[in-house]
Amino acid sequence: MHDLLQIGGITDAMRDRLTPHFTIHKLSDGDYPGEAITHIATNGHDGVPADVMTACPNLKMISGYGVGYDAVDTDAAVERGILVTHTPDVLNAEVATTAVMLMLTSYRNFLADEAHARSGNWEANGNAPLSRSADNRRVGILGLGRIGQAIADKLAPFNPEIHYHTRTKRDVDYTYHDTLLGMAEAVEVLICITPGGPSTDKIVNADVMAALGPNGLLINVSRGSVVDEAAMVSALETGKLGYAALDVFEAEPKIPDALKSMTNVILLPHVGSATHETRAAMGDLVVDNLLEHIKTGKVLTPVPETAHLNT
Ligand code: NAP
Ligand code: 8YV
């Protein structure tokens, strides 16, 4: 048996697969045998606090639930020779669906229309106002990685003109922009799907939002840190930015009150991957990585920063 520290929740299915091999200690119980811990199971929100990494000198591997791992200090992990894993690919389609639905719902104004129907306003006051078509839009994807590509693929039936910004140009037929501002000037929808962390911190700033403009739509399914939230609130309030559709926020689960009263925004509680099917696949991969590690010393899906330790 190996000693595993559980940070955050795990599903029953994950626990059933883990218990034959691991004694599970929960961080939330307060007391855990730091010296004995060799493995950690955590998630994209809780990561691994620095004091926990220090308290577990024999830690060998951290298995993360989620593709984003900005909450784990990979430099500290590498220094200690700790492998870190995440759950890429299994959630691409789901998060892409979320981004596409946010775009469609925003253009077609379906939340207001649904309220119009449900409230009896249709009967009392007549038809709902016309909305805007989601077809034939100029869409900029910030981060054309696994999920960004899935978003582009899923948008195809709506005949968008796809633009993208990444640090490295890709061999694709879409229009590349070497600056985010340049892309924002060229598109009417900006979909953020980069990792969080220092290199993307608040890169969607006031200038980028002003470039999107009064008819522009900002969609964020990446991390709250990617967008300057205070600047976004101000841009939406003053009409410099037209619309926002957000799955992620700077200080989750807190959402700025100002956003909650706006009718030109859609707010979701970080549910990009949150279906039974996709979360089960993510949970399976978390466990597969842990079981592979105790069996072979290697893992299936290391984060790039620790891939060199996977030998
Ligand atoms: P990925 O395959 O690694 O793609 C990341 C993309 O972002 C790459 O195209 C990368 O290109 C680009 N990028 C990275 N840093 C950048 C920077 N500073 N400026 C511009 N572009 C940059 O990752 P993925 O699997 O698609 O996942 C992306 C992110 O989505 C995750 O890290 C997570 O934060 C978020 N996510 C959110 C949810 C949700 O529930 N809302 C669910 C899953 C994932 P270059 O390296 O060439 O710049
Ligand atoms: C999850 C995510 O909500 O994969 C990610 O990066 O943001 C989402 O899929 C989260 O990571 C679960 O902890």
# chains A, B, ... in the order shown; residues from 1 in each chain; ligands from 1

call {"tool": "select_by_dssp", "arguments": {"residues": "range 128-193 of chain A", "states": "strand (DSSP E or B)", "output": "PyMOL selection string"}}
result
chain A and resi 138-142+161-165+175-176+189-192

call {"tool": "residues_near_ligand", "arguments": {"ligand": "ligand 1", "cutoff": "7 Å", "atoms": "only C-alpha atoms and all ligand atoms", "output": "PyMOL selection string"}}
result
chain A and resi 66-69+88-89+91-92+95+142-148+165-169+193-196+199-200+221-223+247-248+270-273

call {"tool": "closest_residue", "arguments": {"among": "A:Ala231, A:Glu161, A:Thr98, A:Val286", "to": "Gly44 in chain A", "atoms": "only C-alpha atoms"}}
result
A:Val286

call {"tool": "closest_residue", "arguments": {"among": "A:Lys298, A:Asn220, A:Thr54, A:Val226", "to": "Lys202 in chain A", "atoms": "only C-alpha atoms"}}
result
A:Val226

call {"tool": "residues_around", "arguments": {"residues": "Ala115 in chain A", "least_positions_apart": "6", "cutoff": "12 Å", "atoms": "only C-alpha atoms", "output": "list in words"}}
result
Asn109, Asn121, Trp122, Ala128 and Thr263 of chain A

call {"tool": "write_last_selection", "arguments": {"atoms": "N, CA, C and O atoms", "output": "PDB file, in the first residue's frame"}}
result
ATOM      1  N   ASN A 109     -29.341  35.943 -27.744  1.00  0.00           N
ATOM      2  CA  ASN A 109     -30.039  36.556 -26.605  1.00  0.00           C
ATOM      3  C   ASN A 109     -31.046  35.598 -25.956  1.00  0.00           C
ATOM      4  O   ASN A 109     -32.122  36.005 -25.502  1.00  0.00           O
ATOM      5  N   ASN A 121     -44.414  37.534 -20.282  1.00  0.00           N
ATOM      6  CA  ASN A 121     -44.242  38.801 -21.006  1.00  0.00           C
ATOM      7  C   ASN A 121     -44.657  38.712 -22.464  1.00  0.00           C
ATOM      8  O   ASN A 121     -45.096  39.690 -23.054  1.00  0.00           O
ATOM      9  N   TRP A 122     -44.460  37.542 -23.038  1.00  0.00           N
ATOM     10  CA  TRP A 122     -44.825  37.346 -24.449  1.00  0.00           C
ATOM     11  C   TRP A 122     -46.335  37.603 -24.617  1.00  0.00           C
ATOM     12  O   TRP A 122     -46.768  38.365 -25.481  1.00  0.00           O
ATOM     13  N   ALA A 128     -40.597  39.145 -28.210  1.00  0.00           N
ATOM     14  CA  ALA A 128     -39.291  39.558 -27.681  1.00  0.00           C
ATOM     15  C   ALA A 128     -38.561  40.343 -28.772  1.00  0.00           C
ATOM     16  O   ALA A 128     -38.815  40.142 -29.962  1.00  0.00           O
ATOM     17  N   THR A 263     -27.197  43.046 -18.102  1.00  0.00           N
ATOM     18  CA  THR A 263     -27.962  42.192 -19.014  1.00  0.00           C
ATOM     19  C   THR A 263     -27.152  41.809 -20.257  1.00  0.00           C
ATOM     20  O   THR A 263     -27.593  40.984 -21.053  1.00  0.00           O
TER      21      THR A 263
END

call {"tool": "residues_around", "arguments": {"residues": "Gly64 in chain A", "least_positions_apart": "4", "cutoff": "12 Å", "atoms": "only C-alpha atoms", "output": "ChimeraX atom specification"}}
result
/A:6-10,39-48,68-72,74,83-88,282-290,299,301-303

call {"tool": "write_last_selection", "arguments": {"atoms": "N, CA and C atoms", "output": "short mmCIF file (atom, residue, chain, number, x, y, z; two decimals), in the first residue's frame"}}
result
data_model
loop_
_atom_site.label_atom_id
_atom_site.label_comp_id
_atom_site.auth_asym_id
_atom_site.auth_seq_id
_atom_site.Cartn_x
_atom_site.Cartn_y
_atom_site.Cartn_z
N GLN A 6 -5.20 13.34 -0.37
CA GLN A 6 -6.29 13.83 -1.23
C GLN A 6 -6.55 15.29 -0.91
N ILE A 7 -6.38 16.15 -1.95
CA ILE A 7 -6.66 17.58 -1.79
C ILE A 7 -7.91 17.89 -2.61
N GLY A 8 -8.96 18.40 -1.95
CA GLY A 8 -10.24 18.61 -2.63
C GLY A 8 -11.00 17.28 -2.69
N GLY A 9 -12.03 17.25 -3.54
CA GLY A 9 -12.88 16.06 -3.57
C GLY A 9 -12.40 15.02 -4.57
N ILE A 10 -12.80 13.77 -4.36
CA ILE A 10 -12.67 12.76 -5.43
C ILE A 10 -14.01 12.03 -5.53
N HIS A 39 2.18 10.18 -2.83
CA HIS A 39 1.36 10.62 -3.96
C HIS A 39 0.32 11.64 -3.47
N ILE A 40 -0.02 12.56 -4.36
CA ILE A 40 -1.10 13.51 -4.07
C ILE A 40 -2.09 13.47 -5.22
N ALA A 41 -3.38 13.49 -4.89
CA ALA A 41 -4.43 13.69 -5.91
C ALA A 41 -5.05 15.05 -5.61
N THR A 42 -5.03 15.93 -6.62
CA THR A 42 -5.59 17.27 -6.40
C THR A 42 -6.35 17.70 -7.64
N ASN A 43 -6.72 18.97 -7.68
CA ASN A 43 -7.50 19.48 -8.82
C ASN A 43 -6.95 20.84 -9.24
N GLY A 44 -7.51 21.36 -10.30
CA GLY A 44 -7.01 22.60 -10.88
C GLY A 44 -7.22 23.83 -10.01
N HIS A 45 -8.12 23.75 -9.07
CA HIS A 45 -8.40 24.92 -8.22
C HIS A 45 -7.53 24.93 -6.96
N ASP A 46 -7.45 23.78 -6.30
CA ASP A 46 -6.71 23.73 -5.03
C ASP A 46 -5.22 23.57 -5.23
N GLY A 47 -4.81 22.90 -6.30
CA GLY A 47 -3.38 22.69 -6.54
C GLY A 47 -2.74 22.02 -5.34
N VAL A 48 -1.47 22.39 -5.08
CA VAL A 48 -0.76 21.88 -3.91
C VAL A 48 -0.14 23.07 -3.18
N GLY A 68 -5.67 22.34 -16.80
CA GLY A 68 -4.93 23.50 -16.30
C GLY A 68 -4.26 23.15 -14.98
N TYR A 69 -3.00 23.54 -14.84
CA TYR A 69 -2.27 23.19 -13.61
C TYR A 69 -1.55 24.41 -13.05
N ASP A 70 -2.10 25.61 -13.32
CA ASP A 70 -1.49 26.84 -12.84
C ASP A 70 -1.48 26.92 -11.31
N ALA A 71 -2.29 26.10 -10.64
CA ALA A 71 -2.31 26.12 -9.17
C ALA A 71 -1.21 25.24 -8.56
N VAL A 72 -0.45 24.54 -9.41
CA VAL A 72 0.65 23.72 -8.90
C VAL A 72 1.97 24.40 -9.25
N THR A 74 5.13 24.15 -10.48
CA THR A 74 5.90 23.10 -11.17
C THR A 74 7.41 23.30 -10.97
N LEU A 83 7.00 14.22 -10.20
CA LEU A 83 6.23 14.21 -11.46
C LEU A 83 4.85 14.81 -11.22
N VAL A 84 4.40 15.65 -12.15
CA VAL A 84 3.06 16.23 -12.06
C VAL A 84 2.29 15.80 -13.31
N THR A 85 1.06 15.36 -13.12
CA THR A 85 0.23 14.99 -14.27
C THR A 85 -1.03 15.84 -14.33
N HIS A 86 -1.66 15.87 -15.50
CA HIS A 86 -2.94 16.57 -15.69
C HIS A 86 -3.82 15.74 -16.62
N THR A 87 -4.98 16.27 -17.00
CA THR A 87 -5.92 15.46 -17.80
C THR A 87 -6.22 16.15 -19.14
N PRO A 88 -5.22 16.17 -20.04
CA PRO A 88 -5.46 16.80 -21.35
C PRO A 88 -6.37 15.95 -22.24
N MET A 282 -12.11 12.37 -16.85
CA MET A 282 -11.01 13.07 -16.16
C MET A 282 -10.59 12.29 -14.90
N GLY A 283 -11.60 11.83 -14.15
CA GLY A 283 -11.31 11.06 -12.93
C GLY A 283 -10.57 9.78 -13.25
N ASP A 284 -10.97 9.12 -14.33
CA ASP A 284 -10.29 7.89 -14.75
C ASP A 284 -8.82 8.15 -15.05
N LEU A 285 -8.56 9.27 -15.72
CA LEU A 285 -7.17 9.58 -16.10
C LEU A 285 -6.33 9.94 -14.87
N VAL A 286 -6.94 10.60 -13.90
CA VAL A 286 -6.23 10.88 -12.64
C VAL A 286 -5.78 9.57 -12.00
N VAL A 287 -6.70 8.61 -11.95
CA VAL A 287 -6.40 7.32 -11.32
C VAL A 287 -5.43 6.51 -12.19
N ASP A 288 -5.64 6.51 -13.51
CA ASP A 288 -4.73 5.79 -14.42
C ASP A 288 -3.29 6.25 -14.20
N ASN A 289 -3.11 7.57 -14.07
CA ASN A 289 -1.76 8.10 -13.85
C ASN A 289 -1.18 7.59 -12.54
N LEU A 290 -1.98 7.60 -11.48
CA LEU A 290 -1.48 7.14 -10.17
C LEU A 290 -1.13 5.65 -10.22
N VAL A 299 4.35 7.90 -15.79
CA VAL A 299 2.96 8.34 -15.84
C VAL A 299 2.52 8.48 -17.29
N THR A 301 0.28 11.05 -18.61
CA THR A 301 0.13 12.43 -19.12
C THR A 301 0.82 13.44 -18.19
N PRO A 302 2.17 13.47 -18.26
CA PRO A 302 2.89 14.45 -17.45
C PRO A 302 2.66 15.86 -17.98
N VAL A 303 2.70 16.86 -17.10
CA VAL A 303 2.69 18.24 -17.61
C VAL A 303 4.07 18.47 -18.25
#

call {"tool": "residues_around", "arguments": {"residues": "Pro57 in chain A", "least_positions_apart": "2", "cutoff": "12 Å", "atoms": "only C-alpha atoms", "output": "PyMOL selection string"}}
result
chain A and resi 33-39+50-55+59-61+77+79-82

call {"tool": "write_last_selection", "arguments": {"atoms": "C-alpha atoms", "output": "tab-separated table (two decimals), in the first residue's frame"}}
result
chain	number	residue	atom	x	y	z
A	33	PRO	CA	1.47	11.68	7.92
A	34	GLY	CA	3.67	13.97	5.79
A	35	GLU	CA	6.72	11.65	5.85
A	36	ALA	CA	4.66	8.74	4.51
A	37	ILE	CA	2.94	10.56	1.66
A	38	THR	CA	4.28	9.51	-1.77
A	39	HIS	CA	1.36	10.62	-3.96
A	50	ALA	CA	3.65	25.22	-0.74
A	51	ASP	CA	3.52	24.14	2.92
A	52	VAL	CA	2.02	20.79	1.92
A	53	MET	CA	4.79	20.11	-0.61
A	54	THR	CA	7.35	20.92	2.08
A	55	ALA	CA	5.59	18.73	4.64
A	59	LEU	CA	6.39	12.94	-2.39
A	60	LYS	CA	7.00	11.38	-5.83
A	61	MET	CA	3.98	12.28	-7.87
A	77	ALA	CA	8.03	20.11	-8.10
A	79	GLU	CA	13.41	20.91	-7.89
A	80	ARG	CA	12.19	18.03	-5.74
A	81	GLY	CA	12.00	15.54	-8.64
A	82	ILE	CA	8.22	15.24	-8.36

call {"tool": "closest_residue", "arguments": {"among": "A:Asp73, A:Glu188, A:Asp178, A:Glu229", "to": "Arg138 in chain A", "atoms": "only C-alpha atoms"}}
result
A:Glu188

call {"tool": "atom_distance", "arguments": {"atom1": "CA of Asn136 in chain A", "atom2": "CA of Asp171 in chain A"}}
result
23.0 Å

call {"tool": "closest_residue", "arguments": {"among": "A:Cys192, A:Leu111, A:Leu180, A:Ala281", "to": "Leu267 in chain A", "atoms": "only C-alpha atoms"}}
result
A:Leu111

call {"tool": "select_by_dssp", "arguments": {"residues": "range 73-211 of chain A", "states": "helix (DSSP H, G or I)", "output": "count of residues only"}}
result
66

call {"tool": "decode", "arguments": {"residues": "range 35-184 of chain A", "atoms": "C-alpha atoms", "output": "CSV table (one decimal), in the first residue's frame"}}
result
chain,number,residue,atom,x,y,z
A,35,GLU,CA,6.7,11.7,5.8
A,36,ALA,CA,4.7,8.7,4.5
A,37,ILE,CA,2.9,10.6,1.7
A,38,THR,CA,4.3,9.5,-1.8
A,39,HIS,CA,1.4,10.6,-4.0
A,40,ILE,CA,-1.1,13.5,-4.1
A,41,ALA,CA,-4.4,13.7,-5.9
A,42,THR,CA,-5.6,17.3,-6.4
A,43,ASN,CA,-7.5,19.5,-8.8
A,44,GLY,CA,-7.0,22.6,-10.9
A,45,HIS,CA,-8.4,24.9,-8.2
A,46,ASP,CA,-6.7,23.7,-5.0
A,47,GLY,CA,-3.4,22.7,-6.5
A,48,VAL,CA,-0.8,21.9,-3.9
A,49,PRO,CA,-0.1,24.6,-1.3
A,50,ALA,CA,3.7,25.2,-0.7
A,51,ASP,CA,3.5,24.1,2.9
A,52,VAL,CA,2.0,20.8,1.9
A,53,MET,CA,4.8,20.1,-0.6
A,54,THR,CA,7.4,20.9,2.1
A,55,ALA,CA,5.6,18.7,4.6
A,56,CYS,CA,5.8,15.7,2.3
A,57,PRO,CA,9.6,15.1,1.7
A,58,ASN,CA,9.0,11.7,0.1
A,59,LEU,CA,6.4,12.9,-2.4
A,60,LYS,CA,7.0,11.4,-5.8
A,61,MET,CA,4.0,12.3,-7.9
A,62,ILE,CA,1.1,14.8,-8.0
A,63,SER,CA,-2.0,13.7,-10.1
A,64,GLY,CA,-4.1,16.7,-11.1
A,65,TYR,CA,-7.8,16.6,-12.1
A,66,GLY,CA,-8.1,19.1,-14.9
A,67,VAL,CA,-5.9,20.1,-17.8
A,68,GLY,CA,-4.9,23.5,-16.3
A,69,TYR,CA,-2.3,23.2,-13.6
A,70,ASP,CA,-1.5,26.8,-12.8
A,71,ALA,CA,-2.3,26.1,-9.2
A,72,VAL,CA,0.7,23.7,-8.9
A,73,ASP,CA,4.2,25.2,-8.5
A,74,THR,CA,5.9,23.1,-11.2
A,75,ASP,CA,9.3,24.8,-10.5
A,76,ALA,CA,9.1,23.6,-6.9
A,77,ALA,CA,8.0,20.1,-8.1
A,78,VAL,CA,10.9,19.8,-10.6
A,79,GLU,CA,13.4,20.9,-7.9
A,80,ARG,CA,12.2,18.0,-5.7
A,81,GLY,CA,12.0,15.5,-8.6
A,82,ILE,CA,8.2,15.2,-8.4
A,83,LEU,CA,6.2,14.2,-11.5
A,84,VAL,CA,3.1,16.2,-12.1
A,85,THR,CA,0.2,15.0,-14.3
A,86,HIS,CA,-2.9,16.6,-15.7
A,87,THR,CA,-5.9,15.5,-17.8
A,88,PRO,CA,-5.5,16.8,-21.3
A,89,ASP,CA,-7.6,15.9,-24.4
A,90,VAL,CA,-10.5,14.1,-22.6
A,91,LEU,CA,-12.2,17.4,-22.0
A,92,ASN,CA,-11.5,19.1,-25.3
A,93,ALA,CA,-15.0,18.5,-26.8
A,94,GLU,CA,-16.9,19.5,-23.6
A,95,VAL,CA,-15.1,22.8,-23.1
A,96,ALA,CA,-15.4,23.6,-26.8
A,97,THR,CA,-19.2,23.0,-26.5
A,98,THR,CA,-19.3,25.4,-23.6
A,99,ALA,CA,-17.5,28.1,-25.6
A,100,VAL,CA,-19.7,27.6,-28.6
A,101,MET,CA,-22.9,27.7,-26.5
A,102,LEU,CA,-21.7,30.9,-24.8
A,103,MET,CA,-21.2,32.5,-28.2
A,104,LEU,CA,-24.6,31.3,-29.6
A,105,THR,CA,-26.5,32.2,-26.5
A,106,SER,CA,-25.0,35.6,-26.4
A,107,TYR,CA,-25.7,36.5,-30.0
A,108,ARG,CA,-29.2,35.0,-30.0
A,109,ASN,CA,-30.0,36.6,-26.6
A,110,PHE,CA,-31.6,33.3,-25.5
A,111,LEU,CA,-31.4,34.0,-21.7
A,112,ALA,CA,-33.6,37.1,-22.1
A,113,ASP,CA,-35.9,35.3,-24.6
A,114,GLU,CA,-36.3,32.4,-22.2
A,115,ALA,CA,-37.2,34.8,-19.4
A,116,HIS,CA,-39.6,36.6,-21.7
A,117,ALA,CA,-41.4,33.4,-22.4
A,118,ARG,CA,-41.4,32.1,-18.9
A,119,SER,CA,-42.5,35.3,-17.2
A,120,GLY,CA,-45.7,35.7,-19.3
A,121,ASN,CA,-44.2,38.8,-21.0
A,122,TRP,CA,-44.8,37.3,-24.4
A,123,GLU,CA,-48.5,37.1,-23.8
A,124,ALA,CA,-48.7,40.4,-21.9
A,125,ASN,CA,-46.4,42.6,-24.0
A,126,GLY,CA,-45.8,40.8,-27.3
A,127,ASN,CA,-42.8,39.5,-29.1
A,128,ALA,CA,-39.3,39.6,-27.7
A,129,PRO,CA,-36.9,42.0,-29.4
A,130,LEU,CA,-34.9,40.7,-32.3
A,131,SER,CA,-31.4,39.2,-31.6
A,132,ARG,CA,-28.2,39.1,-33.6
A,133,SER,CA,-27.2,36.2,-35.8
A,134,ALA,CA,-24.3,34.0,-34.7
A,135,ASP,CA,-23.4,33.1,-38.2
A,136,ASN,CA,-20.6,34.5,-40.3
A,137,ARG,CA,-18.7,36.1,-37.4
A,138,ARG,CA,-15.1,37.1,-37.2
A,139,VAL,CA,-13.8,35.0,-34.3
A,140,GLY,CA,-10.4,35.4,-32.6
A,141,ILE,CA,-9.2,32.5,-30.6
A,142,LEU,CA,-6.6,33.4,-27.9
A,143,GLY,CA,-4.7,30.1,-27.5
A,144,LEU,CA,-5.1,27.7,-30.4
A,145,GLY,CA,-4.1,24.5,-28.5
A,146,ARG,CA,-6.0,21.3,-27.9
A,147,ILE,CA,-9.2,23.1,-26.8
A,148,GLY,CA,-8.8,26.1,-29.0
A,149,GLN,CA,-8.7,23.8,-32.1
A,150,ALA,CA,-11.7,21.9,-30.8
A,151,ILE,CA,-13.6,25.3,-30.6
A,152,ALA,CA,-12.6,26.2,-34.1
A,153,ASP,CA,-13.8,22.8,-35.3
A,154,LYS,CA,-17.1,23.0,-33.5
A,155,LEU,CA,-17.8,26.5,-34.8
A,156,ALA,CA,-17.3,25.5,-38.4
A,157,PRO,CA,-21.0,25.0,-39.2
A,158,PHE,CA,-21.6,28.7,-38.3
A,159,ASN,CA,-19.2,29.7,-41.0
A,160,PRO,CA,-16.9,31.9,-38.9
A,161,GLU,CA,-13.7,33.7,-40.1
A,162,ILE,CA,-11.2,32.2,-37.7
A,163,HIS,CA,-8.3,34.3,-36.4
A,164,TYR,CA,-5.9,33.2,-33.7
A,165,HIS,CA,-3.1,34.5,-31.5
A,166,THR,CA,-0.5,32.2,-29.8
A,167,ARG,CA,3.2,32.9,-29.1
A,168,THR,CA,4.2,30.3,-31.8
A,169,LYS,CA,2.5,30.4,-35.3
A,170,ARG,CA,0.9,27.2,-36.2
A,171,ASP,CA,0.6,25.4,-39.6
A,172,VAL,CA,-3.2,26.0,-40.0
A,173,ASP,CA,-5.3,27.9,-42.5
A,174,TYR,CA,-6.6,30.5,-40.0
A,175,THR,CA,-5.4,34.1,-39.9
A,176,TYR,CA,-2.5,34.4,-37.4
A,177,HIS,CA,-1.8,37.6,-35.4
A,178,ASP,CA,1.5,38.0,-33.6
A,179,THR,CA,-0.2,40.4,-31.1
A,180,LEU,CA,-3.4,40.0,-29.2
A,181,LEU,CA,-4.2,43.7,-29.7
A,182,GLY,CA,-3.8,43.2,-33.5
A,183,MET,CA,-6.2,40.3,-33.4
A,184,ALA,CA,-8.7,42.2,-31.2
